[in-house]
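my_file.cif follows (mmCIF, C-alpha atoms):
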```cif
data_entry
#
loop_
_atom_site.group_PDB
_atom_site.id
_atom_site.type_symbol
_atom_site.label_atom_id
_atom_site.label_comp_id
_atom_site.auth_asym_id
_atom_site.auth_seq_id
_atom_site.Cartn_x
_atom_site.Cartn_y
_atom_site.Cartn_z
ATOM 1 C CA MET A 1432 53.655 44.320 -12.945
ATOM 2 C CA SER A 1433 50.147 44.115 -14.373
ATOM 3 C CA GLN A 1434 47.724 41.746 -12.692
ATOM 4 C CA PRO A 1435 46.431 38.807 -14.778
ATOM 5 C CA ASN A 1436 42.770 38.867 -15.745
ATOM 6 C CA VAL A 1437 40.791 36.489 -13.565
ATOM 7 C CA VAL A 1438 37.189 35.676 -14.413
ATOM 8 C CA PHE A 1439 36.093 33.784 -11.308
ATOM 9 C CA ASP A 1440 38.107 35.572 -8.639
ATOM 10 C CA ARG A 1441 36.668 36.227 -5.183
ATOM 11 C CA LEU A 1442 34.005 38.930 -5.217
ATOM 12 C CA PRO A 1443 34.030 41.886 -2.795
ATOM 13 C CA LEU A 1444 32.012 41.314 0.377
ATOM 14 C CA ALA A 1445 29.185 43.670 -0.642
ATOM 15 C CA GLU A 1446 28.811 42.063 -4.070
ATOM 16 C CA ARG A 1447 29.054 38.578 -2.562
ATOM 17 C CA SER A 1448 26.247 39.396 -0.131
ATOM 18 C CA TYR A 1449 24.142 40.829 -2.952
ATOM 19 C CA VAL A 1450 24.440 37.700 -5.113
ATOM 20 C CA LEU A 1451 23.809 35.359 -2.196
ATOM 21 C CA THR A 1452 20.720 37.309 -1.148
ATOM 22 C CA ALA A 1453 19.372 37.327 -4.699
ATOM 23 C CA LEU A 1454 19.805 33.593 -5.103
ATOM 24 C CA ARG A 1455 18.461 32.828 -1.639
ATOM 25 C CA ASN A 1456 15.301 34.790 -2.326
ATOM 26 C CA GLU A 1457 14.791 32.976 -5.636
ATOM 27 C CA THR A 1458 14.955 29.466 -4.150
ATOM 28 C CA VAL A 1459 11.283 29.164 -3.194
ATOM 29 C CA GLY A 1460 10.124 30.900 -6.365
ATOM 30 C CA GLY A 1461 12.413 28.684 -8.434
ATOM 31 C CA GLY A 1462 10.941 25.571 -6.844
ATOM 32 C CA LEU A 1463 7.407 26.831 -7.528
ATOM 33 C CA LEU A 1464 8.270 27.598 -11.142
ATOM 34 C CA LEU A 1465 9.837 24.195 -11.800
ATOM 35 C CA GLY A 1466 6.937 22.419 -10.087
ATOM 36 C CA ALA A 1467 4.394 24.387 -12.116
ATOM 37 C CA ALA A 1468 6.293 23.569 -15.316
ATOM 38 C CA VAL A 1469 6.101 19.841 -14.563
ATOM 39 C CA ILE A 1470 2.346 20.105 -13.887
ATOM 40 C CA ALA A 1471 1.827 22.087 -17.117
ATOM 41 C CA LEU A 1472 3.811 19.584 -19.214
ATOM 42 C CA VAL A 1473 1.881 16.628 -17.801
ATOM 43 C CA TRP A 1474 -1.459 18.423 -18.195
ATOM 44 C CA ALA A 1475 -0.778 19.634 -21.743
ATOM 45 C CA ASN A 1476 0.166 16.084 -22.830
ATOM 46 C CA SER A 1477 -2.670 14.316 -21.024
ATOM 47 C CA PRO A 1478 -6.169 13.373 -22.223
ATOM 48 C CA TRP A 1479 -7.315 16.659 -20.620
ATOM 49 C CA ARG A 1480 -5.094 18.773 -22.906
ATOM 50 C CA ASP A 1481 -8.119 20.568 -24.376
ATOM 51 C CA ALA A 1482 -8.923 22.004 -20.938
ATOM 52 C CA TYR A 1483 -5.360 23.328 -20.722
ATOM 53 C CA THR A 1484 -5.662 24.995 -24.129
ATOM 54 C CA SER A 1485 -9.070 26.426 -23.236
ATOM 55 C CA LEU A 1486 -7.652 27.892 -20.018
ATOM 56 C CA THR A 1487 -4.860 29.716 -21.860
ATOM 57 C CA GLU A 1488 -7.374 31.156 -24.345
ATOM 58 C CA ILE A 1489 -9.674 32.768 -21.758
ATOM 59 C CA VAL A 1490 -9.870 36.507 -22.518
ATOM 60 C CA VAL A 1491 -9.750 39.011 -19.644
ATOM 61 C CA GLY A 1492 -9.080 42.748 -19.437
ATOM 62 C CA PRO A 1493 -10.721 46.017 -20.484
ATOM 63 C CA ALA A 1494 -11.605 46.068 -24.179
ATOM 64 C CA VAL A 1495 -11.842 49.876 -24.165
ATOM 65 C CA LEU A 1496 -8.067 49.996 -23.623
ATOM 66 C CA HIS A 1497 -7.467 47.192 -26.133
ATOM 67 C CA LEU A 1498 -6.213 45.049 -23.255
ATOM 68 C CA ASP A 1499 -8.771 42.276 -23.631
ATOM 69 C CA LEU A 1500 -6.044 39.651 -23.877
ATOM 70 C CA THR A 1501 -5.867 35.902 -23.377
ATOM 71 C CA LEU A 1502 -4.380 34.506 -20.175
ATOM 72 C CA ALA A 1503 -1.448 33.217 -22.230
ATOM 73 C CA THR A 1504 -0.761 36.749 -23.490
ATOM 74 C CA TRP A 1505 -1.115 38.247 -20.004
ATOM 75 C CA ALA A 1506 1.475 35.745 -18.779
ATOM 76 C CA ALA A 1507 3.889 36.308 -21.667
ATOM 77 C CA ASP A 1508 3.549 40.098 -21.998
ATOM 78 C CA GLY A 1509 2.272 41.112 -18.557
ATOM 79 C CA LEU A 1510 3.606 38.977 -15.731
ATOM 80 C CA LEU A 1511 6.867 38.331 -17.554
ATOM 81 C CA ALA A 1512 7.392 42.099 -17.790
ATOM 82 C CA VAL A 1513 7.539 42.153 -13.970
ATOM 83 C CA PHE A 1514 10.176 39.424 -14.086
ATOM 84 C CA PHE A 1515 12.176 41.376 -16.659
ATOM 85 C CA PHE A 1516 11.933 44.516 -14.538
ATOM 86 C CA VAL A 1517 13.706 42.640 -11.741
ATOM 87 C CA ALA A 1518 16.185 41.223 -14.271
ATOM 88 C CA GLY A 1519 16.830 44.761 -15.526
ATOM 89 C CA LEU A 1520 17.482 45.961 -11.974
ATOM 90 C CA GLU A 1521 19.918 43.087 -11.464
ATOM 91 C CA LEU A 1522 21.716 43.835 -14.710
ATOM 92 C CA LYS A 1523 21.926 47.554 -13.856
ATOM 93 C CA HIS A 1524 23.496 46.570 -10.518
ATOM 94 C CA GLU A 1525 26.016 44.381 -12.323
ATOM 95 C CA LEU A 1526 26.811 47.120 -14.846
ATOM 96 C CA VAL A 1527 27.333 49.875 -12.286
ATOM 97 C CA VAL A 1528 28.726 48.286 -9.118
ATOM 98 C CA GLY A 1529 28.917 44.557 -9.851
ATOM 99 C CA SER A 1530 30.859 42.115 -11.977
ATOM 100 C CA LEU A 1531 30.105 43.911 -15.263
ATOM 101 C CA SER A 1532 31.501 47.226 -14.016
ATOM 102 C CA ASP A 1533 34.975 45.912 -14.902
ATOM 103 C CA ARG A 1534 35.123 45.697 -18.700
ATOM 104 C CA ARG A 1535 37.804 43.006 -18.597
ATOM 105 C CA LYS A 1536 35.436 40.711 -16.715
ATOM 106 C CA ALA A 1537 32.296 41.880 -18.476
ATOM 107 C CA ILE A 1538 33.496 40.820 -21.913
ATOM 108 C CA VAL A 1539 33.534 37.115 -20.996
ATOM 109 C CA PRO A 1540 29.834 36.617 -20.084
ATOM 110 C CA VAL A 1541 28.771 39.018 -22.844
ATOM 111 C CA VAL A 1542 30.700 37.082 -25.529
ATOM 112 C CA ALA A 1543 29.448 33.802 -24.060
ATOM 113 C CA ALA A 1544 25.867 35.097 -24.215
ATOM 114 C CA LEU A 1545 26.269 36.221 -27.839
ATOM 115 C CA GLY A 1546 27.672 32.817 -28.720
ATOM 116 C CA GLY A 1547 24.775 31.181 -26.901
ATOM 117 C CA MET A 1548 22.404 33.173 -29.100
ATOM 118 C CA ALA A 1549 24.156 32.773 -32.454
ATOM 119 C CA MET A 1550 24.998 29.054 -32.360
ATOM 120 C CA PRO A 1551 21.435 27.705 -31.784
ATOM 121 C CA ALA A 1552 20.117 30.003 -34.540
ATOM 122 C CA LEU A 1553 22.799 28.776 -36.970
ATOM 123 C CA LEU A 1554 22.188 25.128 -36.099
ATOM 124 C CA PHE A 1555 18.437 25.567 -36.526
ATOM 125 C CA THR A 1556 18.832 27.259 -39.912
ATOM 126 C CA LEU A 1557 21.303 24.636 -41.094
ATOM 127 C CA THR A 1558 19.069 21.770 -39.950
ATOM 128 C CA VAL A 1559 15.863 22.962 -41.606
ATOM 129 C CA THR A 1560 17.789 23.831 -44.784
ATOM 130 C CA VAL A 1561 19.320 20.354 -45.001
ATOM 131 C CA MET A 1562 15.883 18.816 -44.387
ATOM 132 C CA GLY A 1563 14.477 20.899 -47.246
ATOM 133 C CA ASP A 1564 12.009 22.809 -45.060
ATOM 134 C CA THR A 1565 13.148 26.253 -46.143
ATOM 135 C CA ALA A 1566 9.871 27.860 -45.044
ATOM 136 C CA ALA A 1567 10.751 26.997 -41.440
ATOM 137 C CA ARG A 1568 13.878 29.143 -41.521
ATOM 138 C CA VAL A 1569 11.758 32.077 -40.352
ATOM 139 C CA GLY A 1570 11.800 30.435 -36.914
ATOM 140 C CA TRP A 1571 15.548 30.947 -36.388
ATOM 141 C CA GLY A 1572 14.886 33.206 -33.416
ATOM 142 C CA ILE A 1573 13.010 30.541 -31.438
ATOM 143 C CA PRO A 1574 15.994 28.398 -30.369
ATOM 144 C CA MET A 1575 17.996 31.576 -29.743
ATOM 145 C CA ALA A 1576 15.898 32.581 -26.751
ATOM 146 C CA THR A 1577 17.101 31.256 -23.434
ATOM 147 C CA ASP A 1578 14.272 31.163 -20.918
ATOM 148 C CA ILE A 1579 15.944 33.164 -18.187
ATOM 149 C CA ALA A 1580 13.139 32.373 -15.749
ATOM 150 C CA PHE A 1581 13.925 28.657 -15.881
ATOM 151 C CA ALA A 1582 17.684 29.217 -16.051
ATOM 152 C CA LEU A 1583 17.680 31.293 -12.863
ATOM 153 C CA ALA A 1584 15.216 28.905 -11.194
ATOM 154 C CA VAL A 1585 17.569 25.963 -11.763
ATOM 155 C CA LEU A 1586 20.520 28.079 -10.632
ATOM 156 C CA ALA A 1587 18.703 29.097 -7.446
ATOM 157 C CA VAL A 1588 17.541 25.579 -6.568
ATOM 158 C CA LEU A 1589 20.560 23.492 -7.620
ATOM 159 C CA GLY A 1590 23.456 25.953 -7.637
ATOM 160 C CA ARG A 1591 23.734 26.767 -3.933
ATOM 161 C CA ASN A 1592 27.050 24.898 -3.595
ATOM 162 C CA LEU A 1593 28.682 26.608 -6.564
ATOM 163 C CA PRO A 1594 31.287 29.347 -5.943
ATOM 164 C CA VAL A 1595 29.640 32.747 -5.589
ATOM 165 C CA ALA A 1596 31.737 34.229 -8.405
ATOM 166 C CA LEU A 1597 30.658 31.440 -10.767
ATOM 167 C CA ARG A 1598 27.022 32.013 -9.867
ATOM 168 C CA ALA A 1599 27.444 35.737 -10.545
ATOM 169 C CA PHE A 1600 28.933 34.857 -13.937
ATOM 170 C CA LEU A 1601 26.019 32.540 -14.781
ATOM 171 C CA LEU A 1602 23.510 35.132 -13.582
ATOM 172 C CA THR A 1603 25.087 37.773 -15.829
ATOM 173 C CA LEU A 1604 25.287 35.400 -18.790
ATOM 174 C CA ALA A 1605 21.643 34.388 -18.438
ATOM 175 C CA VAL A 1606 20.424 37.991 -18.182
ATOM 176 C CA VAL A 1607 22.498 39.244 -21.136
ATOM 177 C CA ASP A 1608 21.516 36.221 -23.254
ATOM 178 C CA ASP A 1609 17.820 36.679 -22.644
ATOM 179 C CA LEU A 1610 17.917 40.444 -23.130
ATOM 180 C CA GLY A 1611 19.581 39.863 -26.483
ATOM 181 C CA ALA A 1612 16.836 37.422 -27.407
ATOM 182 C CA ILE A 1613 14.176 39.964 -26.404
ATOM 183 C CA LEU A 1614 15.805 42.531 -28.717
ATOM 184 C CA VAL A 1615 15.708 39.988 -31.543
ATOM 185 C CA ILE A 1616 12.010 39.384 -30.850
ATOM 186 C CA ALA A 1617 11.342 43.125 -30.757
ATOM 187 C CA VAL A 1618 13.120 43.789 -34.063
ATOM 188 C CA PHE A 1619 12.294 40.714 -36.147
ATOM 189 C CA TYR A 1620 9.091 39.268 -34.648
ATOM 190 C CA SER A 1621 6.978 42.311 -33.840
ATOM 191 C CA TYR A 1622 4.046 42.750 -36.206
ATOM 192 C CA GLY A 1623 1.868 45.791 -36.827
ATOM 193 C CA PHE A 1624 4.365 48.310 -35.427
ATOM 194 C CA ALA A 1625 2.668 51.568 -34.356
ATOM 195 C CA LEU A 1626 5.007 54.547 -34.179
ATOM 196 C CA VAL A 1627 2.937 56.917 -32.012
ATOM 197 C CA PRO A 1628 2.490 54.565 -28.995
ATOM 198 C CA PHE A 1629 6.182 53.669 -29.242
ATOM 199 C CA LEU A 1630 7.265 57.328 -29.184
ATOM 200 C CA LEU A 1631 4.901 58.009 -26.263
ATOM 201 C CA SER A 1632 6.452 55.102 -24.366
ATOM 202 C CA ILE A 1633 9.883 56.667 -24.956
ATOM 203 C CA VAL A 1634 8.522 59.949 -23.565
ATOM 204 C CA GLY A 1635 7.308 58.030 -20.507
ATOM 205 C CA MET A 1636 10.769 56.550 -20.044
ATOM 206 C CA GLY A 1637 12.228 60.026 -20.256
ATOM 207 C CA LEU A 1638 9.857 61.110 -17.483
ATOM 208 C CA TRP A 1639 11.006 58.077 -15.447
ATOM 209 C CA ILE A 1640 14.633 59.250 -15.814
ATOM 210 C CA LEU A 1641 13.671 62.808 -14.827
ATOM 211 C CA LEU A 1642 11.873 61.596 -11.701
ATOM 212 C CA GLN A 1643 14.950 59.559 -10.791
ATOM 213 C CA ARG A 1644 17.222 62.561 -11.236
ATOM 214 C CA LEU A 1645 14.896 64.735 -9.148
ATOM 215 C CA ARG A 1646 15.006 62.027 -6.425
ATOM 216 C CA VAL A 1647 11.215 61.727 -6.420
ATOM 217 C CA GLU A 1648 10.103 58.936 -4.078
ATOM 218 C CA GLY A 1649 6.839 57.061 -3.745
ATOM 219 C CA TRP A 1650 5.531 53.951 -5.478
ATOM 220 C CA TRP A 1651 2.267 55.779 -6.183
ATOM 221 C CA VAL A 1652 4.176 57.912 -8.724
ATOM 222 C CA TYR A 1653 6.172 55.179 -10.450
ATOM 223 C CA LEU A 1654 3.634 52.342 -10.551
ATOM 224 C CA PRO A 1655 1.013 54.215 -12.652
ATOM 225 C CA LEU A 1656 3.792 55.512 -14.913
ATOM 226 C CA ALA A 1657 5.163 51.989 -15.362
ATOM 227 C CA LEU A 1658 1.700 50.665 -16.258
ATOM 228 C CA VAL A 1659 1.210 53.431 -18.845
ATOM 229 C CA ILE A 1660 4.631 52.770 -20.394
ATOM 230 C CA TRP A 1661 3.903 49.032 -20.504
ATOM 231 C CA GLY A 1662 0.514 49.637 -22.135
ATOM 232 C CA LEU A 1663 2.008 51.957 -24.754
ATOM 233 C CA MET A 1664 4.806 49.495 -25.524
ATOM 234 C CA HIS A 1665 2.240 46.717 -25.934
ATOM 235 C CA ALA A 1666 0.120 48.940 -28.194
ATOM 236 C CA SER A 1667 3.176 49.719 -30.339
ATOM 237 C CA GLY A 1668 3.492 46.077 -31.352
ATOM 238 C CA ILE A 1669 6.864 45.571 -29.652
ATOM 239 C CA HIS A 1670 7.095 42.786 -27.091
ATOM 240 C CA ALA A 1671 5.887 44.446 -23.888
ATOM 241 C CA THR A 1672 8.606 42.846 -21.747
ATOM 242 C CA VAL A 1673 11.001 45.368 -23.311
ATOM 243 C CA ALA A 1674 9.307 48.009 -21.151
ATOM 244 C CA GLY A 1675 10.074 46.042 -17.992
ATOM 245 C CA VAL A 1676 13.728 45.616 -18.807
ATOM 246 C CA ALA A 1677 14.119 49.233 -19.910
ATOM 247 C CA LEU A 1678 12.631 50.635 -16.694
ATOM 248 C CA GLY A 1679 14.907 48.374 -14.656
ATOM 249 C CA LEU A 1680 17.959 49.679 -16.513
ATOM 250 C CA LEU A 1681 16.810 53.303 -16.083
ATOM 251 C CA THR A 1682 16.528 53.033 -12.297
ATOM 252 C CA ARG A 1683 19.197 54.606 -10.079
ATOM 253 C CA VAL A 1684 21.489 52.050 -8.457
ATOM 254 C CA ARG A 1685 24.010 54.243 -6.603
ATOM 255 C CA LYS A 1686 23.124 55.443 -3.095
ATOM 256 C CA ASP A 1687 23.117 59.125 -2.217
ATOM 257 C CA PRO A 1688 25.053 60.194 0.895
ATOM 258 C CA GLY A 1689 23.007 59.215 3.930
ATOM 259 C CA GLU A 1690 20.651 57.052 1.885
ATOM 260 C CA HIS A 1691 20.065 53.564 3.269
ATOM 261 C CA GLU A 1692 19.291 51.945 -0.084
ATOM 262 C CA ALA A 1693 19.265 53.067 -3.700
ATOM 263 C CA PRO A 1694 15.903 52.839 -5.497
ATOM 264 C CA ALA A 1695 17.057 49.843 -7.559
ATOM 265 C CA ASP A 1696 17.860 47.798 -4.447
ATOM 266 C CA ARG A 1697 14.744 48.955 -2.595
ATOM 267 C CA TRP A 1698 12.393 48.174 -5.463
ATOM 268 C CA GLU A 1699 14.044 44.867 -6.171
ATOM 269 C CA HIS A 1700 13.420 43.772 -2.575
ATOM 270 C CA SER A 1701 9.777 44.816 -2.931
ATOM 271 C CA VAL A 1702 9.045 43.367 -6.372
ATOM 272 C CA ARG A 1703 11.119 40.188 -6.179
ATOM 273 C CA PRO A 1704 8.531 38.204 -4.145
ATOM 274 C CA VAL A 1705 5.942 38.977 -6.847
ATOM 275 C CA SER A 1706 8.390 38.044 -9.588
ATOM 276 C CA ALA A 1707 9.507 34.851 -7.868
ATOM 277 C CA GLY A 1708 6.130 33.685 -6.591
ATOM 278 C CA VAL A 1709 3.505 34.826 -9.108
#
```

Whole structure, structure tokens version:
Amino acid sequence: MSQPNVVFDRLPLAERSYVLTALRNETVGGGLLLGAAVIALVWANSPWRDAYTSLTEIVVGPAVLHLDLTLATWAADGLLAVFFFVAGLELKHELVVGSLSDRRKAIVPVVAALGGMAMPALLFTLTVTVMGDTAARVGWGIPMATDIAFALAVLAVLGRNLPVALRAFLLTLAVVDDLGAILVIAVFYSYGFALVPFLLSIVGMGLWILLQRLRVEGWWVYLPLALVIWGLMHASGIHATVAGVALGLLTRVRKDPGEHEAPADRWEHSVRPVSAGV
């Protein structure tokens, strides 16, 4: 007799430990993120709002590399790429050995994520059309994007008493939803697309895959390569966070015989404190 499909059944011990560890490590970072958001909202709506705007518009970075960017851009395209690298590693884990490795279970959070993207966009378009502001319809992608950083922060801080399987489902849904939104941004909201830097970034990703297949170790090899790929993706006009997510998905997640940890798990443990705290 075939077994019924169960979405929130009990996870295997290894997967349960993985999810618990991920959420436990995010608790402090989640609290910092939520606290910083409250401070930013109060500051940006206070009589000192001009100082907040001036801070975000400070330009730093080497102009010779065309990386003289504002602090707001460094946060959105730079630091957030680190966060998406960790998110990509998590999603790769889910796809290969986690809850998304079973297609029957994977379809539920994926469909839920697609619905979570499509419905806000439809409601936004319908609303601005009814109000007669047809020029605003170009912003349909804005309500589509779920801020995965805040979603996972709330899940880490407030979701500790939820069943582990439900938290794994929400984690998967949040990651898939936000990755879909990033693809929408890359396709529909990227201006001044430059083909050569984009193709060079693809070449860099191919080199990343080759190094993984050759079992090359050492952060001193991968970190410079990651920075070059990020810079090329930024220069191409595509949202630079795509580079972070792509490198996460291209990282090996299965252990070799005798290997203590796969690169994806090892790098996630190393990068997560930066992602969660900075």

**Message:** For Pro1540 (chain A), find every residue with an atom within 8 Å (counting all atoms listed in the file), except residues of its own chain fewer than 5 positions away, and show them as a PyMOL selection string.
**Reply:** chain A and resi 1600-1601+1603-1604+1607

Selection above as a file: C-alpha atoms, as a JSON list (two decimals), keeping the file's coordinate frame:
```
[["chain", "number", "residue", "atom", "x", "y", "z"],
["A", 1600, "PHE", "CA", 28.93, 34.86, -13.94],
["A", 1601, "LEU", "CA", 26.02, 32.54, -14.78],
["A", 1603, "THR", "CA", 25.09, 37.77, -15.83],
["A", 1604, "LEU", "CA", 25.29, 35.40, -18.79],
["A", 1607, "VAL", "CA", 22.50, 39.24, -21.14]]
```

**d(CA of Ile1633 (chain A), CA of Ala1503 (chain A)) in Å** =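 Those two atoms sit 26.2 Å apart.
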
Assuming the chain letters and numbering stay as they are in my file, what does the PyMOL selection byres ((chain A and resi 1705-1709) around 7) actually select? List them as a CSV table (one decimal) with C-alpha atoms, in the frame of the given file.
```csv
chain,number,residue,atom,x,y,z
A,1457,GLU,CA,14.8,33.0,-5.6
A,1460,GLY,CA,10.1,30.9,-6.4
A,1461,GLY,CA,12.4,28.7,-8.4
A,1513,VAL,CA,7.5,42.2,-14.0
A,1514,PHE,CA,10.2,39.4,-14.1
A,1702,VAL,CA,9.0,43.4,-6.4
A,1703,ARG,CA,11.1,40.2,-6.2
A,1704,PRO,CA,8.5,38.2,-4.1
```

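Closest approach to Ala1587 (chain A) among A:Ala1671, A:Val1459, A:Leu1502, A:Leu1654: A:Val1459, based on all atoms listed in the file.
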
**For region 1498-1501 of chain A: contacts at 7 Å, only C-alpha atoms, fewer than 5 positions along chain excluded, given as a ChimeraX atom specification** = /A:1487-1493

**Prompt:** Which polymer residues have any atom within 7 Å of an atom of Thr1682 (chain A), counting only C-alpha atoms, with same-chain residues fewer than 2 positions away left out, as a PyMOL selection string?
**Reply:** chain A and resi 1643+1678-1680+1684+1694-1695

How big is the axis-aligned box, and where does its centre sit, when it encloses all atoms of region 1555-1567 of chain A listed in the file and has 8 Å added on every side, reported in Å to one decimal as JSON?
```
{"center_x": 15.6, "center_y": 23.3, "center_z": -41.9, "size_x": 27.4, "size_y": 25.0, "size_z": 26.7}
```

**Message:** Considering all atoms listed in the file, can you say which of A:Leu1663, A:Ala1677, A:Ala1506, A:Ala1471 comes closest to Phe1629 (chain A)?
**Reply:** A:Leu1663

**Asked** Just how far from CA of Ala1582 (chain A) is CA of Ser1477 (chain A), in Å to one decimal?
**Response** 25.7 Å
